[in-house]
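Visitor: Data: work01.txt, compact mmCIF, C-alpha atoms.
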```txt
# COMPACT_ATOMS: atom_id res chain seq x y z
CA MET O 1 58.51 197.09 -14.45
CA PRO O 2 56.07 194.22 -14.82
CA GLN O 3 57.37 190.67 -14.80
CA GLU O 4 58.08 189.50 -18.39
CA LYS O 5 58.77 186.15 -20.01
CA ILE O 6 59.61 184.73 -23.41
CA VAL O 7 56.66 182.66 -24.57
CA THR O 8 57.20 180.04 -27.25
CA LEU O 9 54.27 178.36 -28.94
CA ARG O 10 53.17 177.13 -32.34
CA VAL O 11 50.53 178.90 -34.42
CA ASN O 12 49.12 176.99 -37.40
CA GLY O 13 52.18 174.74 -37.36
CA LYS O 14 54.83 177.48 -37.19
CA GLU O 15 56.87 178.42 -34.14
CA VAL O 16 56.10 181.86 -32.70
CA LYS O 17 58.13 183.55 -29.96
CA PHE O 18 57.39 186.77 -28.12
CA ILE O 19 58.04 188.57 -24.87
CA ALA O 20 54.96 189.10 -22.70
CA PRO O 21 54.09 190.28 -19.20
CA ALA O 22 51.81 188.10 -17.05
CA HIS O 23 48.74 190.19 -17.78
CA ARG O 24 49.01 189.89 -21.58
CA THR O 25 46.19 187.78 -23.06
CA LEU O 26 46.76 185.30 -25.87
CA LEU O 27 44.44 187.46 -28.00
CA GLU O 28 46.53 190.62 -27.53
CA ALA O 29 49.82 188.77 -27.98
CA LEU O 30 48.84 186.97 -31.17
CA ARG O 31 47.21 189.98 -32.81
CA HIS O 32 50.41 191.91 -32.03
CA GLU O 33 52.35 189.14 -33.81
CA GLY O 34 50.19 189.70 -36.90
CA PHE O 35 47.51 187.04 -36.44
CA VAL O 36 44.76 189.60 -36.97
CA GLU O 37 42.35 186.92 -38.19
CA ILE O 38 41.67 186.44 -34.45
CA LYS O 39 39.00 189.05 -33.70
CA CYS O 40 38.61 191.07 -30.54
CA GLY O 41 35.00 191.39 -29.42
CA CYS O 42 33.63 191.59 -25.89
CA GLU O 43 36.83 190.60 -24.05
CA LYS O 44 34.83 188.75 -21.41
CA GLY O 45 34.11 185.36 -22.88
CA ASP O 46 30.60 186.09 -24.13
CA CYS O 47 30.94 186.62 -27.88
CA GLY O 48 33.44 184.01 -29.12
CA ALA O 49 34.97 186.30 -31.80
CA CYS O 50 38.44 185.54 -30.41
CA ALA O 51 38.03 181.74 -30.36
CA VAL O 52 41.05 179.63 -31.33
CA LEU O 53 41.87 175.97 -30.90
CA LEU O 54 44.43 175.45 -28.14
CA ASP O 55 45.88 171.95 -28.51
CA GLY O 56 42.70 171.09 -30.39
CA ASN O 57 40.25 172.46 -27.82
CA PRO O 58 38.27 175.66 -28.37
CA VAL O 59 39.10 178.55 -26.02
CA ASP O 60 38.38 182.26 -25.89
CA SER O 61 41.83 183.78 -26.44
CA CYS O 62 40.67 186.93 -24.57
CA LEU O 63 40.37 184.85 -21.37
CA THR O 64 43.60 182.91 -21.90
CA LEU O 65 46.85 184.31 -20.56
CA ALA O 66 49.67 184.21 -23.11
CA TRP O 67 51.87 182.58 -20.45
CA HIS O 68 49.37 179.73 -20.14
CA ALA O 69 49.71 178.95 -23.85
CA GLU O 70 53.47 178.28 -23.52
CA GLY O 71 54.39 175.18 -25.55
CA SER O 72 50.89 174.81 -26.99
CA GLU O 73 49.64 174.49 -30.55
CA VAL O 74 47.26 177.27 -31.53
CA THR O 75 45.00 176.93 -34.57
CA THR O 76 43.34 180.01 -36.01
CA ILE O 77 40.83 180.21 -38.87
CA LYS O 78 43.80 180.50 -41.28
CA GLY O 79 45.16 177.24 -39.96
CA LEU O 80 41.90 175.45 -40.77
CA GLY O 81 42.04 176.32 -44.45
CA GLN O 82 43.21 178.80 -47.07
CA PRO O 83 41.38 180.03 -50.20
CA ASP O 84 43.05 177.34 -52.33
CA ASN O 85 42.39 174.60 -49.77
CA PRO O 86 39.43 175.63 -47.59
CA ASP O 87 37.92 173.72 -44.72
CA PRO O 88 34.47 172.33 -45.66
CA LEU O 89 33.06 174.70 -43.03
CA GLN O 90 34.57 177.73 -44.75
CA THR O 91 33.09 176.63 -48.10
CA ALA O 92 29.69 175.99 -46.48
CA PHE O 93 29.64 179.44 -44.86
CA ILE O 94 30.21 180.98 -48.31
CA GLU O 95 27.58 178.78 -49.97
CA THR O 96 24.80 179.39 -47.43
CA GLY O 97 25.55 183.05 -46.73
CA GLY O 98 26.57 182.23 -43.17
CA ALA O 99 29.00 185.15 -43.24
CA GLN O 100 27.65 188.67 -43.64
CA CYS O 101 29.82 191.34 -42.01
CA GLY O 102 32.22 188.48 -41.26
CA TYR O 103 33.45 189.65 -37.87
CA CYS O 104 32.11 186.64 -35.99
CA SER O 105 33.04 184.14 -38.71
CA PRO O 106 36.59 183.22 -37.57
CA GLY O 107 35.41 182.38 -34.06
CA MET O 108 32.16 180.86 -35.27
CA ILE O 109 33.99 178.52 -37.66
CA ILE O 110 36.56 177.58 -34.98
CA ALA O 111 33.72 176.64 -32.59
CA ALA O 112 31.94 174.75 -35.38
CA ARG O 113 35.17 172.87 -36.19
CA ALA O 114 35.51 171.86 -32.51
CA LEU O 115 31.90 170.68 -32.53
CA LEU O 116 32.35 168.57 -35.70
CA ASN O 117 35.59 167.08 -34.38
CA ASP O 118 33.64 165.77 -31.37
CA ASN O 119 30.40 165.01 -33.16
CA PRO O 120 30.49 164.55 -36.96
CA ASN O 121 26.70 164.09 -37.08
CA PRO O 122 25.16 166.90 -35.02
CA ASN O 123 21.44 167.65 -35.06
CA LEU O 124 20.17 171.24 -34.93
CA ALA O 125 20.06 171.24 -31.11
CA ASP O 126 23.69 170.02 -30.96
CA ILE O 127 24.74 172.78 -33.36
CA LYS O 128 22.95 175.47 -31.35
CA LYS O 129 24.57 174.20 -28.16
CA GLY O 130 27.99 173.98 -29.81
CA LEU O 131 27.76 177.59 -30.98
CA ALA O 132 26.14 179.00 -27.81
CA GLY O 133 29.30 180.91 -26.94
CA ASN O 134 29.44 182.76 -30.29
CA LEU O 135 27.40 185.84 -31.07
CA CYS O 136 26.41 187.04 -34.55
CA ARG O 137 24.48 190.27 -34.99
CA CYS O 138 23.89 189.95 -38.76
CA THR O 139 22.59 186.58 -39.82
CA GLY O 140 20.03 185.68 -37.18
CA TYR O 141 22.03 182.42 -37.02
CA THR O 142 19.79 180.44 -39.40
CA ARG O 143 22.31 180.43 -42.23
CA ILE O 144 25.15 179.66 -39.85
CA PHE O 145 23.30 176.57 -38.60
CA GLU O 146 22.63 175.60 -42.23
CA ALA O 147 26.32 176.00 -43.02
CA VAL O 148 27.36 173.68 -40.20
CA GLU O 149 24.75 171.09 -41.27
CA LEU O 150 25.93 171.35 -44.87
CA ALA O 151 29.61 170.98 -43.95
CA ALA O 152 28.86 168.00 -41.70
CA ARG O 153 26.87 166.32 -44.48
CA LYS O 154 29.68 166.88 -47.02
CA MET O 155 32.34 165.60 -44.66
CA ARG O 156 30.33 162.46 -43.85
CA LYS O 157 29.84 161.81 -47.57
CA GLU O 158 33.57 162.24 -48.20
CA SER O 159 34.53 159.89 -45.38
CA GLU O 160 32.04 157.28 -46.69
CA GLN O 161 33.61 157.49 -50.17
CA SER O 162 37.19 157.25 -48.98
CA MET B 1 44.18 195.58 -21.54
CA LEU B 2 44.24 193.84 -18.22
CA PRO B 3 45.73 195.66 -15.23
CA HIS B 4 49.30 194.65 -14.47
CA PHE B 5 49.60 191.73 -12.08
CA GLU B 6 52.17 189.24 -10.88
CA LEU B 7 51.74 185.55 -11.57
CA SER B 8 53.78 182.79 -10.00
CA GLN B 9 53.77 179.47 -11.82
CA PRO B 10 54.39 176.60 -9.39
CA LYS B 11 55.00 173.19 -10.94
CA SER B 12 53.73 170.98 -8.11
CA LEU B 13 50.92 170.95 -5.59
CA SER B 14 53.31 171.30 -2.65
CA GLU B 15 54.79 174.40 -4.31
CA VAL B 16 51.25 175.79 -4.59
CA PHE B 17 50.66 175.26 -0.87
CA GLY B 18 54.01 176.94 -0.15
CA SER B 19 53.08 179.93 -2.32
CA LEU B 20 49.66 180.23 -0.67
CA ALA B 21 51.23 180.06 2.81
CA ALA B 22 53.78 182.70 1.78
CA GLY B 23 50.95 185.01 0.70
CA LYS B 24 51.98 185.05 -2.96
CA GLY B 25 48.40 185.64 -3.99
CA ARG B 26 45.15 183.95 -4.88
CA PRO B 27 44.79 180.89 -7.11
CA PHE B 28 44.35 181.48 -10.84
CA ALA B 29 42.62 178.49 -12.46
CA GLY B 30 40.60 178.63 -15.70
CA GLY B 31 40.44 182.42 -15.61
CA THR B 32 36.95 182.60 -17.08
CA ILE B 33 35.69 184.62 -14.10
CA LEU B 34 38.94 186.15 -12.93
CA VAL B 35 39.95 187.71 -16.26
CA PRO B 36 36.63 189.56 -16.83
CA ASP B 37 36.64 190.61 -13.15
CA LEU B 38 40.18 191.99 -13.49
CA ARG B 39 39.19 193.80 -16.65
CA GLY B 40 35.99 195.15 -15.10
CA GLY B 41 37.70 196.24 -11.91
CA SER B 42 35.78 194.08 -9.43
CA GLU B 43 38.92 191.96 -8.86
CA THR B 44 41.42 194.08 -6.98
CA SER B 45 44.19 191.52 -6.20
CA ARG B 46 47.35 191.95 -8.23
CA ARG B 47 49.19 188.76 -7.24
CA PHE B 48 48.10 185.33 -8.39
CA ILE B 49 49.28 181.74 -8.27
CA SER B 50 48.71 179.85 -11.51
CA LEU B 51 47.24 176.36 -11.24
CA ALA B 52 47.61 175.75 -14.99
CA GLN B 53 50.56 173.38 -14.65
CA ILE B 54 49.14 171.33 -11.78
CA ASP B 55 47.95 168.15 -13.51
CA ALA B 56 47.46 166.52 -10.08
CA LEU B 57 44.28 168.59 -9.70
CA ARG B 58 42.74 167.31 -12.93
CA TYR B 59 41.24 163.83 -12.59
CA ILE B 60 37.93 162.01 -12.18
CA LYS B 61 37.97 158.74 -10.22
CA HIS B 62 34.95 156.46 -9.90
CA GLU B 63 35.19 153.82 -7.18
CA GLU B 64 32.72 151.59 -5.33
CA THR B 65 32.78 154.02 -2.42
CA GLY B 66 32.02 156.99 -4.64
CA THR B 67 33.39 159.54 -7.08
CA THR B 68 36.24 161.97 -6.49
CA MET B 69 37.24 164.69 -8.91
CA GLY B 70 40.12 167.09 -8.73
CA SER B 71 39.22 170.77 -8.47
CA GLY B 72 41.06 171.42 -11.75
CA THR B 73 38.60 169.22 -13.65
CA THR B 74 37.10 171.33 -16.40
CA ILE B 75 33.43 171.46 -17.37
CA ALA B 76 34.42 169.87 -20.70
CA ASP B 77 36.18 167.04 -18.77
CA ILE B 78 32.90 166.27 -16.95
CA LEU B 79 31.07 166.02 -20.27
CA LYS B 80 33.72 163.71 -21.73
CA ASP B 81 33.70 161.34 -18.74
CA GLN B 82 31.44 158.34 -19.43
CA GLY B 83 31.09 157.44 -15.74
CA MET B 84 29.59 160.80 -14.82
CA VAL B 85 26.33 159.98 -16.60
CA SER B 86 25.44 157.53 -13.81
CA ALA B 87 27.56 159.04 -11.02
CA ALA B 88 26.07 162.54 -11.28
CA PRO B 89 23.37 162.90 -13.95
CA ALA B 90 22.33 166.39 -12.82
CA LEU B 91 25.94 167.62 -12.86
CA VAL B 92 26.22 166.41 -16.46
CA ALA B 93 22.97 168.24 -17.30
CA ALA B 94 24.33 171.43 -15.69
CA SER B 95 27.68 171.08 -17.49
CA ASP B 96 25.94 170.55 -20.81
CA ILE B 97 24.41 174.03 -20.76
CA PHE B 98 27.27 175.73 -18.89
CA ALA B 99 28.24 178.98 -20.71
CA GLY B 100 29.62 178.24 -24.20
CA ALA B 101 32.02 175.65 -25.61
CA MET B 102 35.13 177.86 -25.19
CA VAL B 103 34.38 178.62 -21.56
CA ARG B 104 33.65 174.93 -20.86
CA THR B 105 37.17 174.08 -22.08
CA ALA B 106 38.80 176.42 -19.57
CA ALA B 107 36.45 176.74 -16.57
CA THR B 108 37.15 174.41 -13.67
CA VAL B 109 34.79 172.95 -11.08
CA GLY B 110 36.97 174.29 -8.28
CA GLY B 111 36.79 177.77 -9.75
CA ASN B 112 33.03 177.56 -10.17
CA ILE B 113 32.65 176.58 -6.49
CA CYS B 114 35.21 179.05 -5.12
CA CYS B 115 33.87 182.05 -7.02
CA GLY B 116 31.11 181.75 -4.41
CA SER B 117 28.50 183.04 -6.82
CA PRO B 118 24.86 182.17 -6.08
CA SER B 119 24.49 181.42 -9.80
CA ALA B 120 27.40 178.92 -9.99
CA ASP B 121 25.76 176.17 -12.01
CA THR B 122 27.75 173.14 -10.81
CA VAL B 123 26.91 173.81 -7.16
CA PRO B 124 23.19 172.86 -6.93
CA SER B 125 23.77 169.36 -8.35
CA LEU B 126 26.89 168.84 -6.20
CA LEU B 127 24.84 169.83 -3.12
CA THR B 128 22.12 167.33 -3.99
CA LEU B 129 24.79 164.64 -4.30
CA GLY B 130 25.73 165.44 -0.71
CA ALA B 131 29.27 166.26 -1.91
CA ALA B 132 32.18 167.17 0.35
CA VAL B 133 35.14 169.38 -0.53
CA THR B 134 38.75 168.72 0.46
CA LEU B 135 40.63 171.81 1.60
CA CYS B 136 44.41 171.53 1.80
CA SER B 137 47.14 173.75 3.11
CA GLU B 138 50.78 173.25 4.01
CA LYS B 139 49.67 172.45 7.57
CA GLU B 140 46.53 170.36 7.26
CA THR B 141 43.90 168.71 5.12
CA ARG B 142 40.23 168.96 6.05
CA LYS B 143 37.14 167.58 4.44
CA VAL B 144 34.04 169.75 4.73
CA PRO B 145 30.49 169.16 3.50
CA LEU B 146 29.92 171.49 0.53
CA ASN B 147 26.74 172.50 2.35
CA GLU B 148 28.91 174.20 5.00
CA PHE B 149 31.36 175.80 2.57
CA PHE B 150 29.39 178.96 1.76
CA LEU B 151 29.01 181.51 4.56
CA GLY B 152 27.35 184.32 2.62
CA TYR B 153 27.47 186.16 -0.70
CA LYS B 154 30.94 185.28 -2.08
CA LYS B 155 32.05 184.39 1.46
CA LEU B 156 33.66 180.98 1.92
CA ILE B 157 35.10 179.05 4.85
CA LEU B 158 38.26 178.64 2.73
CA ARG B 159 41.29 180.28 4.39
CA PRO B 160 43.77 182.29 2.26
CA ASP B 161 46.43 179.58 2.79
CA GLU B 162 44.07 176.80 1.67
CA LEU B 163 43.25 175.37 -1.74
CA LEU B 164 40.11 173.43 -2.60
CA THR B 165 41.74 170.33 -4.09
CA ALA B 166 38.94 167.81 -4.58
CA ILE B 167 35.18 167.23 -4.57
CA SER B 168 33.81 163.83 -3.61
CA TRP B 169 30.49 162.10 -3.06
CA ARG B 170 29.06 158.68 -2.36
CA PRO B 171 27.34 156.79 -5.20
CA LEU B 172 23.67 157.45 -5.85
CA GLN B 173 21.54 154.62 -4.49
CA PRO B 174 19.83 152.31 -6.96
CA GLY B 175 16.29 153.61 -7.45
CA SER B 176 17.19 157.27 -7.31
CA ALA B 177 16.79 160.25 -9.60
CA HIS B 178 19.11 163.26 -9.80
CA LEU B 179 17.85 166.24 -11.81
CA PHE B 180 18.85 169.84 -12.60
CA TYR B 181 16.93 172.61 -14.30
CA LYS B 182 18.32 175.98 -15.24
CA LEU B 183 15.90 178.80 -15.93
CA ALA B 184 17.60 181.60 -17.86
CA ARG B 185 16.79 184.12 -20.54
CA ARG B 186 18.46 182.01 -23.20
CA LYS B 187 19.16 178.28 -23.42
CA GLY B 188 22.90 178.78 -23.87
CA ASP B 189 25.54 181.18 -22.59
CA ALA B 190 23.26 182.80 -20.02
CA ILE B 191 23.45 183.48 -16.30
CA THR B 192 20.92 181.51 -14.29
CA VAL B 193 17.74 183.24 -13.11
CA THR B 194 16.61 180.27 -11.03
CA GLY B 195 18.51 176.96 -10.79
CA VAL B 196 17.12 173.90 -9.07
CA SER B 197 18.55 170.45 -8.45
CA VAL B 198 16.71 167.56 -6.81
CA MET B 199 17.84 164.10 -5.72
CA ILE B 200 15.27 161.55 -4.62
CA ALA B 201 15.97 157.96 -3.58
CA VAL B 202 13.03 155.58 -3.31
CA SER B 203 13.08 152.34 -1.41
CA GLY B 204 10.04 150.23 -0.52
CA ASN B 205 7.71 152.79 -2.09
CA ILE B 206 8.76 155.58 0.24
CA CYS B 207 11.16 158.47 -0.27
CA SER B 208 14.17 157.22 1.69
CA GLU B 209 16.40 160.23 0.94
CA VAL B 210 15.81 163.61 -0.64
CA ARG B 211 17.99 166.65 -1.30
CA ILE B 212 16.85 169.93 -2.85
CA ALA B 213 19.22 172.76 -3.76
CA LEU B 214 18.47 176.16 -5.24
CA GLY B 215 20.73 178.60 -7.05
CA SER B 216 20.42 182.34 -7.86
CA VAL B 217 17.58 182.87 -5.35
CA ALA B 218 19.60 183.70 -2.20
CA PRO B 219 23.06 185.08 -1.30
CA THR B 220 24.45 181.54 -1.73
CA VAL B 221 23.34 178.33 -3.39
CA PHE B 222 21.58 176.48 -0.55
CA ARG B 223 19.84 173.29 0.50
CA ALA B 224 16.10 173.68 1.13
CA ASP B 225 16.33 171.53 4.25
CA GLN B 226 12.89 172.45 5.58
CA ALA B 227 11.31 171.14 2.39
CA GLU B 228 13.49 168.02 2.55
CA ASP B 229 12.31 167.30 6.11
CA LEU B 230 8.69 167.26 4.95
CA LEU B 231 9.43 164.58 2.36
CA ARG B 232 11.90 162.19 3.96
CA GLY B 233 10.29 158.84 4.82
CA GLN B 234 7.04 159.73 3.06
CA ILE B 235 5.05 158.70 0.02
CA LEU B 236 5.19 161.78 -2.19
CA THR B 237 1.63 162.80 -3.02
CA SER B 238 1.00 165.90 -5.09
CA GLU B 239 -0.28 167.65 -1.92
CA LEU B 240 2.95 166.89 -0.09
CA ILE B 241 5.06 168.00 -3.06
CA GLU B 242 3.05 171.23 -3.18
CA LYS B 243 3.76 171.85 0.51
CA ALA B 244 7.47 171.12 0.06
CA ALA B 245 7.69 173.49 -2.92
CA LYS B 246 6.15 176.25 -0.77
CA ALA B 247 8.59 175.47 2.06
CA ALA B 248 11.51 175.68 -0.40
CA ALA B 249 10.26 179.04 -1.69
CA ASP B 250 9.98 180.26 1.92
CA GLN B 251 13.71 179.64 2.33
CA CYS B 252 14.63 181.74 -0.74
CA ARG B 253 15.97 185.28 -0.27
CA PRO B 254 16.00 186.51 -3.87
CA ILE B 255 16.95 189.96 -5.14
CA ASP B 256 15.89 192.07 -8.10
CA ASP B 257 18.62 192.36 -10.73
CA ASN B 258 18.89 192.97 -14.45
CA ARG B 259 17.99 189.34 -15.21
CA ALA B 260 14.77 188.98 -13.20
CA SER B 261 12.77 190.38 -10.32
CA ALA B 262 12.78 188.85 -6.86
CA ALA B 263 9.07 188.10 -7.21
CA TYR B 264 9.62 186.19 -10.46
CA ARG B 265 12.46 184.23 -8.86
CA LEU B 266 10.24 183.24 -5.91
CA GLN B 267 7.45 182.10 -8.16
CA THR B 268 9.73 180.14 -10.48
CA ALA B 269 11.64 178.59 -7.56
CA GLU B 270 8.40 177.17 -6.19
CA ALA B 271 7.23 175.99 -9.62
CA LEU B 272 10.55 174.37 -10.47
CA VAL B 273 10.89 172.59 -7.12
CA ARG B 274 7.37 171.22 -7.60
CA ARG B 275 8.13 170.16 -11.15
CA LEU B 276 11.48 168.54 -10.38
CA LEU B 277 10.19 166.72 -7.27
CA THR B 278 7.30 165.32 -9.32
CA GLN B 279 9.62 164.20 -12.13
CA ALA B 280 12.22 162.78 -9.76
CA TRP B 281 9.64 160.87 -7.71
CA GLN B 282 8.17 159.34 -10.87
CA LYS B 283 11.58 158.50 -12.26
CA ALA B 284 12.94 157.03 -9.02
CA SER B 285 9.74 155.01 -8.43
CA THR B 286 9.97 153.34 -11.83
CA THR B 287 13.68 152.48 -11.86
```
Could you show the structure in this file as C-alpha cells?

Guide:
Amino acid sequence: MPQEKIVTLRVNGKEVKFIAPAHRTLLEALRHEGFVEIKCGCEKGDCGACAVLLDGNPVDSCLTLAWHAEGSEVTTIKGLGQPDNPDPLQTAFIETGGAQCGYCSPGMIIAARALLNDNPNPNLADIKKGLAGNLCRCTGYTRIFEAVELAARKMRKESEQS
Amino acid sequence: MLPHFELSQPKSLSEVFGSLAAGKGRPFAGGTILVPDLRGGSETSRRFISLAQIDALRYIKHEETGTTMGSGTTIADILKDQGMVSAAPALVAASDIFAGAMVRTAATVGGNICCGSPSADTVPSLLTLGAAVTLCSEKETRKVPLNEFFLGYKKLILRPDELLTAISWRPLQPGSAHLFYKLARRKGDAITVTGVSVMIAVSGNICSEVRIALGSVAPTVFRADQAEDLLRGQILTSELIEKAAKAAADQCRPIDDNRASAAYRLQTAEALVRRLLTQAWQKASTT
C-alpha cells in the first residue's frame, strides 16, 4: 500500500479535504474533487493548461504534488470570476475572441492574472513573456495578447476613477 | 499518473541531513524536472526527501563581501530581488527567460544546478560570477567552486548524503559587465540550443578579469578557460576577440539532437562568444 495522507487546503475560499498518496499531483487530486475547470494538458509543465494560483503565485498543478499544497490557498479560473461577476480578463477574452476551443483559456487567464497582479501596465513583450508557459493551438495568440492589453487598460481606467 | 513513490517531509535542515545520511532518498525541490522525469520513466528512484518545508534554504543575502543565496531560492525569487540587478545582471537575464511563469514559481536554483543538465540556464551566469557552492551533510560542510562541481553529463561531485545548500559569489568589480545570451528555437519556454555568459572587468584600459561560460555545447556547462587566458591582461581588439571566440569553440564538444546539429552549435557558440565579448568590453570600458 502506498503511503497516504489527509491533505487540507482551500480552493477558491472554501476548505477542501482529501486523502492522497505521495505521488498524487494537485491536478489529479483537484479534478477528482470536482474542480474540472483545471485542464489536463501535457503533464510536463510545457502547456500551462493546468495553471492555478497557489497562495497567489502561478504554478502548473501537474508538477505540484498534492502534499505540497497542504494548507495553501488555491485559486482556479472559477475563483477569479463567475458569469455574473467576471474578472476583467474573462470579459476581455470574450470581447476579443481570445477563446476559441477554450481548452487553454483557464490556464491562460490564470497566467495573465498573475502577470497583471505583478505588472498592471504590461507592454506586448511583457505579455508574451508572461504567457510563455501557456500554449494555444487555435488563436495564434494575437487575440489573447489583445485581450490581456484590453483588460489591463480597463483595470487601469477603473483604478483611476475610484 | 506518476509511479508510486515514498516521500518523507522533514521540517528542518538537520532532519534533511539525517534523512539523506539514512538513505531515505534523493532531494525533491521544485519538482519541475523530477515530476516529468518520473512520468517519462527516466527517473527511477522511488524514495524522495521533500525540501518544500525548509524555509532556511530560501533566502538571498547581499553583503559587502558578496551575495549568498539559498539553494531553495526560486527563479521567481531572483526576479523579485532588487539587489540581483547589480549583483548578477546575467543571472537576472537568464531567469527572465527561464521556462514559463508557472515553472519560474516552482523551480529552484539548487535544482537547476543539481539536475546537472548542460542546458541548465542559471549555470553559465553563475560560472562567470566565479560562484562557489556549499555542500552540507551531517558530518561536514565544504565549499567548492561551481567550476569543479560538474564531472560529466549529469555527473556531480555531490555525494548521496550531501545537499547543495547555498550558492555564493564575490561582488562584481566596478567597471565590469556581466552578460547572458540564450539561443533557442523560441524566445520563451524553450530548451537552450547554445547559451553563453561573459563577465569582463576593465581597469586602467585593460581587461583585468574575464570569465566565459558555455551551455548546451558539451556534456556539462563549462568555462572556456583557454579563451579567457588569451584575454586576461590585454586590450581587447577585434582580432583578439576573434581568436578567443575560436578558442572557446575549440573547447566545445556539442552533439546533434532534436533541437540543433552539433555543427550549428559550434558555429553559434563562436559567434555568440564573439558578440558577447565585444558587447561586454564596450560596456565595461564605458562604465

Visitor: Tell me as an NGL selection string which residues belonging to chain O come within 7 Å of chain B, counting all atoms listed in the file.

Guide: :O and (2-3 or 22-23 or 44-45 or 57-60 or 63 or 68 or 129-130 or 132-133)

Visitor: Using all atoms listed in the file, pick whichever of O:Cys101, O:Val7, O:Ile144, O:Met155 has the shortest atom-to-atom distance to Arg24 in chain O.

Guide: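 So, comparing all the options, the nearest one is O:Val7.
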
Visitor: Need to verify the contact set: Ala248 in chain B, 6 Å, all atoms listed in the file, exclusion of same-chain residues closer than 2 positions in sequence. Can you return it as a ChimeraX atom specification?

Guide: /B:224,227,245-246,250-251

Visitor: List as a PyMOL selection string the protein and nucleic acid residues near Pro106 in chain O, meaning an atom at most 10 Å away when only C-alpha atoms are counted, but skip any in the same chain fewer than 3 places from it.

Guide: chain O and resi 37-39+48-52+76-78+80+90+99+102-103+109-112

Visitor: At a cut-off of 12 Å from (53.4, 178.6, -0.4) in the coordinates of the file, what residues are picked up using all atoms listed in the file, written as JSON, numbers by chain?

Guide: {"B": [8, 9, 10, 11, 12, 13, 14, 15, 16, 17, 18, 19, 20, 21, 22, 23, 24, 25, 26, 27, 48, 49, 136, 137, 138, 139, 160, 161, 162, 163]}

Visitor: Could you list, as a list in words, every residue within 7 Å of range 228-244 of chain B, counting only C-alpha atoms and ignoring same-chain residues fewer than 5 positions away?

Guide: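 Final neighbour list, sorted by chain and number: Asn205, Ile206, Cys207, Ser208, Glu209, Val210, Arg211, Ile212, Arg274 and Leu277 of chain B.
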
Visitor: Which residues are near Arg170 in chain B? Cut-off 7 Å, all atoms listed in the file, ignore same chain within fewer than 4 positions. Put them as number ranges by chain.

Guide: B: 65-67

Visitor: Give me the residues within 10 Å of Ala131 in chain B as a PDB file with C-alpha atoms, in the frame of the given file, counting all atoms listed in the file and dropping any in the same chain fewer than 3 places off.

Guide:
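selection-v4.pdb was written with the following content:
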```pdb
ATOM      1  CA  THR B  67      33.390 159.540  -7.080  1.00  0.00           C
ATOM      2  CA  THR B  68      36.240 161.970  -6.490  1.00  0.00           C
ATOM      3  CA  VAL B 123      26.910 173.810  -7.160  1.00  0.00           C
ATOM      4  CA  SER B 125      23.770 169.360  -8.350  1.00  0.00           C
ATOM      5  CA  LEU B 126      26.890 168.840  -6.200  1.00  0.00           C
ATOM      6  CA  LEU B 127      24.840 169.830  -3.120  1.00  0.00           C
ATOM      7  CA  THR B 128      22.120 167.330  -3.990  1.00  0.00           C
ATOM      8  CA  VAL B 144      34.040 169.750   4.730  1.00  0.00           C
ATOM      9  CA  PRO B 145      30.490 169.160   3.500  1.00  0.00           C
ATOM     10  CA  LEU B 146      29.920 171.490   0.530  1.00  0.00           C
ATOM     11  CA  ASN B 147      26.740 172.500   2.350  1.00  0.00           C
ATOM     12  CA  ILE B 167      35.180 167.230  -4.570  1.00  0.00           C
ATOM     13  CA  SER B 168      33.810 163.830  -3.610  1.00  0.00           C
ATOM     14  CA  TRP B 169      30.490 162.100  -3.060  1.00  0.00           C
ATOM     15  CA  ARG B 170      29.060 158.680  -2.360  1.00  0.00           C
TER      16      ARG B 170
END
```

Visitor: In Å, how far is it from CA of Pro254 in chain B to CA of Val193 in chain B?

Guide: 10.0 Å

Visitor: Between B:Arg142, B:Arg223, B:His178, B:Arg58, which one has atoms that come closest to Val92 in chain B, using all atoms listed in the file?

Guide: B:His178

Visitor: With 5 Å added on each side, what axis-aligned box encloses every listed atom of range 214-219 of chain B? Give the centre and edge lengths in Å to one decimal, as AutoDock Vina command-line options.

Guide:
```
--center_x 20.3 --center_y 180.6 --center_z -4.6 --size_x 15.5 --size_y 18.9 --size_z 16.6
```

Visitor: How many Å lie between CA of Thr278 in chain B and CA of Ser86 in chain B, rounded to one decimal?

Guide: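 CA of Ser86 in chain B lies at a distance of 20.2 Å from CA of Thr278 in chain B.
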